[in-house]
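Data from work35.cif: mmCIF, C-alpha atoms
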```cif
data_target
#
loop_
_atom_site.group_PDB
_atom_site.id
_atom_site.type_symbol
_atom_site.label_atom_id
_atom_site.label_comp_id
_atom_site.auth_asym_id
_atom_site.auth_seq_id
_atom_site.Cartn_x
_atom_site.Cartn_y
_atom_site.Cartn_z
ATOM 1 C CA MET A 1 -44.066 73.610 25.431
ATOM 2 C CA SER A 2 -44.895 76.484 27.828
ATOM 3 C CA SER A 3 -42.990 79.696 28.001
ATOM 4 C CA ALA A 4 -41.894 78.976 31.553
ATOM 5 C CA GLU A 5 -40.179 75.689 30.556
ATOM 6 C CA ALA A 6 -38.458 77.408 27.665
ATOM 7 C CA THR A 7 -37.028 80.161 29.784
ATOM 8 C CA GLU A 8 -35.893 77.888 32.812
ATOM 9 C CA PRO A 9 -32.253 77.070 32.480
ATOM 10 C CA LYS A 10 -31.009 73.445 32.916
ATOM 11 C CA VAL A 11 -29.031 72.780 36.065
ATOM 12 C CA GLU A 12 -26.298 70.071 35.768
ATOM 13 C CA GLU A 13 -25.368 67.870 38.735
ATOM 14 C CA THR A 14 -22.117 68.881 40.255
ATOM 15 C CA LYS A 15 -19.747 66.358 41.865
ATOM 16 C CA PRO A 16 -17.690 67.347 44.814
ATOM 17 C CA VAL A 17 -14.149 68.077 43.853
ATOM 18 C CA GLU A 18 -11.620 65.947 45.680
ATOM 19 C CA THR A 19 -8.793 67.845 47.198
ATOM 20 C CA PRO A 20 -5.575 66.459 48.747
ATOM 21 C CA GLU A 21 -7.016 66.987 52.181
ATOM 22 C CA THR A 22 -10.149 65.038 51.258
ATOM 23 C CA LYS A 23 -8.102 62.077 49.964
ATOM 24 C CA ALA A 24 -6.041 62.054 53.134
ATOM 25 C CA GLU A 25 -9.146 61.931 55.255
ATOM 26 C CA THR A 26 -10.586 59.086 53.181
ATOM 27 C CA THR A 27 -7.378 57.037 53.469
ATOM 28 C CA THR A 28 -7.246 57.657 57.204
ATOM 29 C CA THR A 29 -10.822 56.475 57.566
ATOM 30 C CA GLU A 30 -10.139 53.240 55.618
ATOM 31 C CA THR A 31 -7.024 52.567 57.660
ATOM 32 C CA GLU A 32 -8.913 53.006 60.884
ATOM 33 C CA THR A 33 -11.581 50.609 59.621
ATOM 34 C CA LYS A 34 -8.979 47.982 58.806
ATOM 35 C CA ASP A 35 -7.253 48.506 62.151
ATOM 36 C CA ASP A 36 -10.474 47.690 63.893
ATOM 37 C CA LYS A 37 -10.185 43.998 62.700
ATOM 38 C CA PRO A 38 -8.201 41.521 64.971
ATOM 39 C CA VAL A 39 -4.590 41.144 63.935
ATOM 40 C CA THR A 40 -3.543 37.513 63.295
ATOM 41 C CA SER A 41 -0.067 35.996 63.500
ATOM 42 C CA SER A 42 -0.040 35.438 59.758
ATOM 43 C CA ALA A 43 -0.830 39.109 59.210
ATOM 44 C CA VAL A 44 2.024 40.092 61.514
ATOM 45 C CA PHE A 45 4.444 37.747 59.734
ATOM 46 C CA SER A 46 3.326 39.078 56.362
ATOM 47 C CA MET A 47 4.210 42.545 57.498
ATOM 48 C CA PHE A 48 7.845 41.441 57.825
ATOM 49 C CA GLY A 49 8.215 39.627 54.549
ATOM 50 C CA GLY A 50 5.972 36.594 55.175
ATOM 51 C CA GLY A 51 6.623 33.780 57.676
ATOM 52 C CA ALA A 52 5.031 30.852 55.834
ATOM 53 C CA LYS A 53 7.323 31.165 52.859
ATOM 54 C CA LYS A 54 10.370 31.366 55.118
ATOM 55 C CA GLU A 55 9.411 28.189 57.001
ATOM 56 C CA LYS A 56 8.929 26.376 53.726
ATOM 57 C CA LYS A 57 12.288 27.589 52.557
ATOM 58 C CA ASP A 58 13.894 26.351 55.784
ATOM 59 C CA ASP A 59 12.291 22.948 55.269
ATOM 60 C CA GLU A 60 13.601 22.850 51.744
ATOM 61 C CA ASP A 61 17.067 23.804 52.989
ATOM 62 C CA ARG A 62 16.958 20.985 55.544
ATOM 63 C CA GLY A 63 15.831 18.597 52.842
ATOM 64 C CA ASP A 64 18.686 19.665 50.644
ATOM 65 C CA ASN A 65 21.156 19.168 53.483
ATOM 66 C CA SER A 66 19.861 15.632 54.223
ATOM 67 C CA GLY A 67 19.921 14.823 50.534
ATOM 68 C CA SER A 68 23.484 16.029 50.311
ATOM 69 C CA ALA A 69 24.443 13.805 53.267
ATOM 70 C CA LYS A 70 22.865 10.795 51.591
ATOM 71 C CA ALA A 71 24.657 11.584 48.378
ATOM 72 C CA GLN A 72 27.909 11.792 50.302
ATOM 73 C CA ARG A 73 27.314 8.375 51.918
ATOM 74 C CA ASP A 74 26.497 6.822 48.550
ATOM 75 C CA ALA A 75 29.630 8.299 47.071
ATOM 76 C CA ALA A 76 31.718 6.963 49.968
ATOM 77 C CA LYS A 77 30.281 3.455 49.484
ATOM 78 C CA ALA A 78 30.960 3.620 45.753
ATOM 79 C CA GLU A 79 34.583 4.616 46.348
ATOM 80 C CA GLY A 80 35.463 2.259 49.187
ATOM 81 C CA GLY A 81 32.920 -0.507 48.558
ATOM 82 C CA GLU A 82 30.603 -2.009 51.141
ATOM 83 C CA GLU A 83 32.248 -3.768 54.035
ATOM 84 C CA GLU A 84 32.013 -7.532 53.625
ATOM 85 C CA ALA A 85 31.068 -9.683 56.596
ATOM 86 C CA PRO A 86 33.971 -11.806 57.835
ATOM 87 C CA GLU A 87 33.812 -15.420 56.711
ATOM 88 C CA SER A 88 32.900 -17.877 59.444
ATOM 89 C CA GLU A 89 35.254 -20.672 60.277
ATOM 90 C CA ASP A 90 34.569 -24.048 58.705
ATOM 91 C CA VAL A 91 33.152 -25.992 61.650
ATOM 92 C CA HIS A 92 32.808 -29.751 61.211
ATOM 93 C CA PHE A 93 30.788 -31.973 63.522
ATOM 94 C CA GLU A 94 31.201 -35.721 63.550
ATOM 95 C CA PRO A 95 27.850 -37.582 63.447
ATOM 96 C CA VAL A 96 27.008 -39.609 66.512
ATOM 97 C CA ILE A 97 25.801 -42.509 64.348
ATOM 98 C CA LYS A 98 27.157 -43.109 60.876
ATOM 99 C CA LEU A 99 24.268 -44.262 58.737
ATOM 100 C CA THR A 100 26.616 -45.576 56.079
ATOM 101 C CA GLU A 101 27.830 -48.342 58.346
ATOM 102 C CA LYS A 102 26.091 -51.637 57.807
ATOM 103 C CA VAL A 103 24.662 -53.379 60.827
ATOM 104 C CA GLU A 104 25.068 -57.115 60.557
ATOM 105 C CA THR A 105 22.016 -59.104 61.569
ATOM 106 C CA LYS A 106 22.665 -62.731 62.412
ATOM 107 C CA THR A 107 19.974 -65.252 61.490
ATOM 108 C CA ASN A 108 21.871 -68.390 62.591
ATOM 109 C CA GLU A 109 21.958 -69.371 58.928
ATOM 110 C CA GLU A 110 25.516 -68.161 58.305
ATOM 111 C CA SER A 111 27.010 -71.564 59.105
ATOM 112 C CA GLU A 112 24.491 -73.494 56.985
ATOM 113 C CA GLU A 113 24.306 -74.586 53.369
ATOM 114 C CA GLN A 114 21.077 -74.223 51.399
ATOM 115 C CA LEU A 115 19.988 -77.513 49.828
ATOM 116 C CA PHE A 116 16.525 -76.552 48.609
ATOM 117 C CA LYS A 117 14.437 -73.419 48.072
ATOM 118 C CA MET A 118 10.893 -73.108 46.726
ATOM 119 C CA ARG A 119 8.071 -70.601 47.088
ATOM 120 C CA ALA A 120 4.968 -71.965 48.843
ATOM 121 C CA LYS A 121 2.153 -71.265 51.279
ATOM 122 C CA LEU A 122 2.151 -72.766 54.780
ATOM 123 C CA PHE A 123 -0.834 -73.719 56.975
ATOM 124 C CA ARG A 124 -1.166 -74.882 60.571
ATOM 125 C CA PHE A 125 -3.926 -77.070 61.934
ATOM 126 C CA ILE A 126 -5.687 -75.655 65.012
ATOM 127 C CA LYS A 127 -7.122 -78.440 67.162
ATOM 128 C CA GLU A 128 -9.349 -76.166 69.276
ATOM 129 C CA SER A 129 -11.333 -74.908 66.286
ATOM 130 C CA ASN A 130 -10.637 -77.950 64.082
ATOM 131 C CA GLU A 131 -9.535 -75.835 61.123
ATOM 132 C CA TRP A 132 -6.481 -74.923 59.053
ATOM 133 C CA LYS A 133 -5.010 -71.471 59.561
ATOM 134 C CA GLU A 134 -2.624 -69.797 57.164
ATOM 135 C CA ARG A 135 0.864 -69.233 58.620
ATOM 136 C CA GLY A 136 2.327 -67.268 55.754
ATOM 137 C CA THR A 137 3.626 -67.199 52.184
ATOM 138 C CA GLY A 138 7.331 -67.260 51.348
ATOM 139 C CA ASP A 139 10.305 -69.453 50.500
ATOM 140 C CA VAL A 140 10.580 -72.841 52.197
ATOM 141 C CA ARG A 141 14.229 -73.913 52.498
ATOM 142 C CA LEU A 142 16.218 -76.921 53.635
ATOM 143 C CA LEU A 143 19.448 -75.840 55.368
ATOM 144 C CA LYS A 144 22.324 -78.205 56.189
ATOM 145 C CA HIS A 145 24.762 -77.338 58.942
ATOM 146 C CA LYS A 146 28.379 -77.263 57.746
ATOM 147 C CA GLU A 147 29.820 -78.842 60.910
ATOM 148 C CA ASN A 148 27.371 -81.439 62.228
ATOM 149 C CA GLY A 149 25.683 -82.094 58.817
ATOM 150 C CA ARG A 150 22.123 -81.953 60.160
ATOM 151 C CA THR A 151 19.364 -80.483 57.974
ATOM 152 C CA ARG A 152 16.440 -78.408 59.144
ATOM 153 C CA LEU A 153 13.375 -76.898 57.443
ATOM 154 C CA VAL A 154 13.049 -73.125 57.663
ATOM 155 C CA MET A 155 10.367 -70.897 56.158
ATOM 156 C CA ARG A 156 10.036 -67.103 56.431
ATOM 157 C CA ARG A 157 7.144 -64.832 55.490
ATOM 158 C CA ASP A 158 7.526 -62.423 52.591
ATOM 159 C CA LYS A 159 8.494 -58.809 53.379
ATOM 160 C CA THR A 160 8.596 -59.237 57.178
ATOM 161 C CA LEU A 161 10.863 -62.337 56.970
ATOM 162 C CA LYS A 162 9.292 -63.589 60.178
ATOM 163 C CA VAL A 163 9.886 -67.269 60.760
ATOM 164 C CA CYS A 164 6.745 -69.406 60.376
ATOM 165 C CA ALA A 165 8.402 -72.868 60.386
ATOM 166 C CA ASN A 166 11.674 -74.025 61.958
ATOM 167 C CA HIS A 167 12.435 -77.628 62.867
ATOM 168 C CA TYR A 168 14.790 -80.494 62.085
ATOM 169 C CA ILE A 169 13.656 -83.196 59.666
ATOM 170 C CA VAL A 170 13.710 -86.199 61.967
ATOM 171 C CA PRO A 171 13.220 -89.887 61.051
ATOM 172 C CA ASP A 172 9.764 -90.233 62.658
ATOM 173 C CA MET A 173 8.222 -87.565 60.440
ATOM 174 C CA LYS A 174 5.854 -88.826 57.772
ATOM 175 C CA LEU A 175 5.190 -86.672 54.696
ATOM 176 C CA ALA A 176 1.653 -87.427 53.486
ATOM 177 C CA PRO A 177 -0.301 -85.998 50.516
ATOM 178 C CA ASN A 178 -3.137 -83.669 51.396
ATOM 179 C CA VAL A 179 -6.567 -85.099 50.568
ATOM 180 C CA GLY A 180 -7.829 -83.962 47.165
ATOM 181 C CA SER A 181 -4.629 -82.129 46.129
ATOM 182 C CA ASP A 182 -1.524 -83.208 44.205
ATOM 183 C CA ARG A 183 0.463 -80.097 45.118
ATOM 184 C CA SER A 184 0.110 -80.138 48.890
ATOM 185 C CA TRP A 185 1.763 -82.133 51.711
ATOM 186 C CA VAL A 186 1.013 -82.617 55.396
ATOM 187 C CA TRP A 187 3.363 -83.659 58.267
ATOM 188 C CA ASN A 188 3.699 -83.505 62.055
ATOM 189 C CA ALA A 189 6.619 -81.753 63.775
ATOM 190 C CA ALA A 190 7.216 -82.701 67.407
ATOM 191 C CA ALA A 191 9.461 -79.706 68.163
ATOM 192 C CA ASP A 192 8.898 -76.659 65.950
ATOM 193 C CA VAL A 193 10.609 -73.553 67.382
ATOM 194 C CA SER A 194 9.231 -70.875 65.051
ATOM 195 C CA GLU A 195 7.444 -69.206 67.992
ATOM 196 C CA GLY A 196 10.502 -69.427 70.253
ATOM 197 C CA GLU A 197 9.626 -72.426 72.394
ATOM 198 C CA PRO A 198 9.494 -76.006 71.017
ATOM 199 C CA GLU A 199 5.922 -77.165 70.374
ATOM 200 C CA ALA A 200 4.176 -79.978 68.531
ATOM 201 C CA VAL A 201 2.414 -78.746 65.380
ATOM 202 C CA THR A 202 0.646 -80.187 62.332
ATOM 203 C CA LEU A 203 1.688 -78.365 59.158
ATOM 204 C CA ALA A 204 0.511 -78.370 55.555
ATOM 205 C CA ILE A 205 2.333 -76.811 52.625
ATOM 206 C CA ARG A 206 0.960 -75.985 49.191
ATOM 207 C CA PHE A 207 2.969 -75.259 46.031
ATOM 208 C CA ALA A 208 2.111 -73.632 42.727
ATOM 209 C CA ASN A 209 1.969 -76.952 40.885
ATOM 210 C CA SER A 210 2.522 -80.691 41.342
ATOM 211 C CA ASP A 211 6.062 -80.579 39.917
ATOM 212 C CA ASN A 212 7.188 -78.181 42.627
ATOM 213 C CA ALA A 213 5.437 -80.324 45.224
ATOM 214 C CA ASN A 214 7.295 -83.442 44.055
ATOM 215 C CA GLU A 215 10.655 -81.631 44.107
ATOM 216 C CA PHE A 216 10.000 -80.675 47.705
ATOM 217 C CA LYS A 217 9.100 -84.257 48.563
ATOM 218 C CA ASP A 218 12.350 -85.612 47.065
ATOM 219 C CA ALA A 219 14.502 -83.063 48.917
ATOM 220 C CA PHE A 220 12.596 -83.656 52.157
ATOM 221 C CA LEU A 221 12.990 -87.443 52.069
ATOM 222 C CA LYS A 222 16.689 -87.193 51.164
ATOM 223 C CA ALA A 223 17.384 -84.855 54.073
ATOM 224 C CA GLN A 224 15.373 -87.090 56.377
ATOM 225 C CA LYS A 225 17.470 -90.116 55.417
ATOM 226 C CA GLU A 226 20.744 -88.268 55.975
ATOM 227 C CA ASN A 227 19.592 -86.989 59.342
ATOM 228 C CA GLU A 228 18.540 -90.474 60.372
ATOM 229 C CA GLU A 229 22.071 -91.752 59.807
ATOM 230 C CA LEU A 230 23.557 -88.862 61.741
ATOM 231 C CA PHE A 231 21.158 -89.374 64.653
ATOM 232 C CA LYS A 232 22.013 -93.077 64.816
ATOM 233 C CA LYS A 233 25.717 -92.284 64.790
ATOM 234 C CA ALA A 234 25.288 -89.744 67.572
ATOM 235 C CA GLU A 235 23.323 -92.262 69.649
ATOM 236 C CA ALA A 236 25.996 -94.916 69.176
ATOM 237 C CA GLU A 237 28.720 -92.505 70.282
ATOM 238 C CA GLY A 238 26.696 -91.537 73.301
ATOM 239 C CA GLU A 239 26.181 -95.129 74.354
ATOM 240 C CA ALA A 240 29.874 -95.857 73.903
ATOM 241 C CA LYS A 241 30.819 -92.995 76.231
ATOM 242 C CA ALA A 242 28.294 -94.145 78.797
#
```

Written form, structure tokens:
Amino acid sequence: MSSAEATEPKVEETKPVETPETKAETTTTETETKDDKPVTSSAVFSMFGGGAKKEKKDDEDRGDNSGSAKAQRDAAKAEGGEEEAPESEDVHFEPVIKLTEKVETKTNEESEEQLFKMRAKLFRFIKESNEWKERGTGDVRLLKHKENGRTRLVMRRDKTLKVCANHYIVPDMKLAPNVGSDRSWVWNAAADVSEGEPEAVTLAIRFANSDNANEFKDAFLKAQKENEELFKKAEAEGEAKA
């Protein structure tokens, strides 16, 4: 170490001493710097206690008021009960058509007595095509009129009950066995009215077995004999009046 460095005294850094005047100047300078920034509405409101918090408080107050009103309405309903809708008058309308009423359908069989009934299948011979055509399956019946005593043959189809044979059993009818079958019969009817208008037809009927076919034959011939007597009697009376 040299003698000069040993004899040179050390100089410490000195900081400026702050006085009250210096602090005032510093504060004034900072305030001026802040004042240079643009003043916003939120800053203005904050100067007077804060506007955002007040608005929120107002909203909460309004919410409390509406809640109180709802609570009051609920309490009023609980005390007095909800108003019930007035009961409507009991209005009764009479139906135009009463479905419970039965509609009577006349078949012209009300004044007749059933002498015979058997299930069978009926055929009609078509001359134009020279073939047998099925007329329907159902019950063939012999019906005797209660007043004049005449017997007719009537047959209706199953389900639809449509008439497929309707004629009197007259004396000139001949019941003949169908070729190659012991349960089928064939005959000619000069005036069958199953289609509405009288027409000449050739019919064949087939039963389930030969016993049923023979029962039909016996009932047919018996009715034919009775009708023959009635027709003769009616002819005699007509000639007497003439």

*I need the residue set behind the PyMOL selection byres ((chain A and resi 153) around 9) for this file; please write it as a ChimeraX atom specification.*
/A:140-143,151-152,154-155,165-169,220

*asked:* Once the PyMOL selection byres ((chain A and resi 230) around 12) is applied to the coordinates I shared, what remains selected? I want it as number ranges by chain.
replied: A: 145, 147-151, 169-171, 223-229, 231-237

_Atomic distance atom CA of Ala200 of chain A - atom CA of Asn188 of chain A, expressed in Å with one decimal_ = 7.4 Å

*Which protein, DNA or RNA residues have an atom at most 10 Å from (-3.5, -67.7, 57.5), counting all atoms listed in the file? List them as a ChimeraX atom specification.*
/A:121-124,132-137

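Note that atom CA of Asp182 of chain A and atom CA of Val163 of chain A are 25.7 Å apart.
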
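Note that the spacing between atom CA of Ser210 of chain A and atom CA of Asp139 of chain A amounts to 16.5 Å.
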
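Using only C-alpha atoms, the nearest neighbour of Asn178 of chain A within the list A:Ala190, A:Phe207, A:Glu197, A:Lys162 is A:Phe207.
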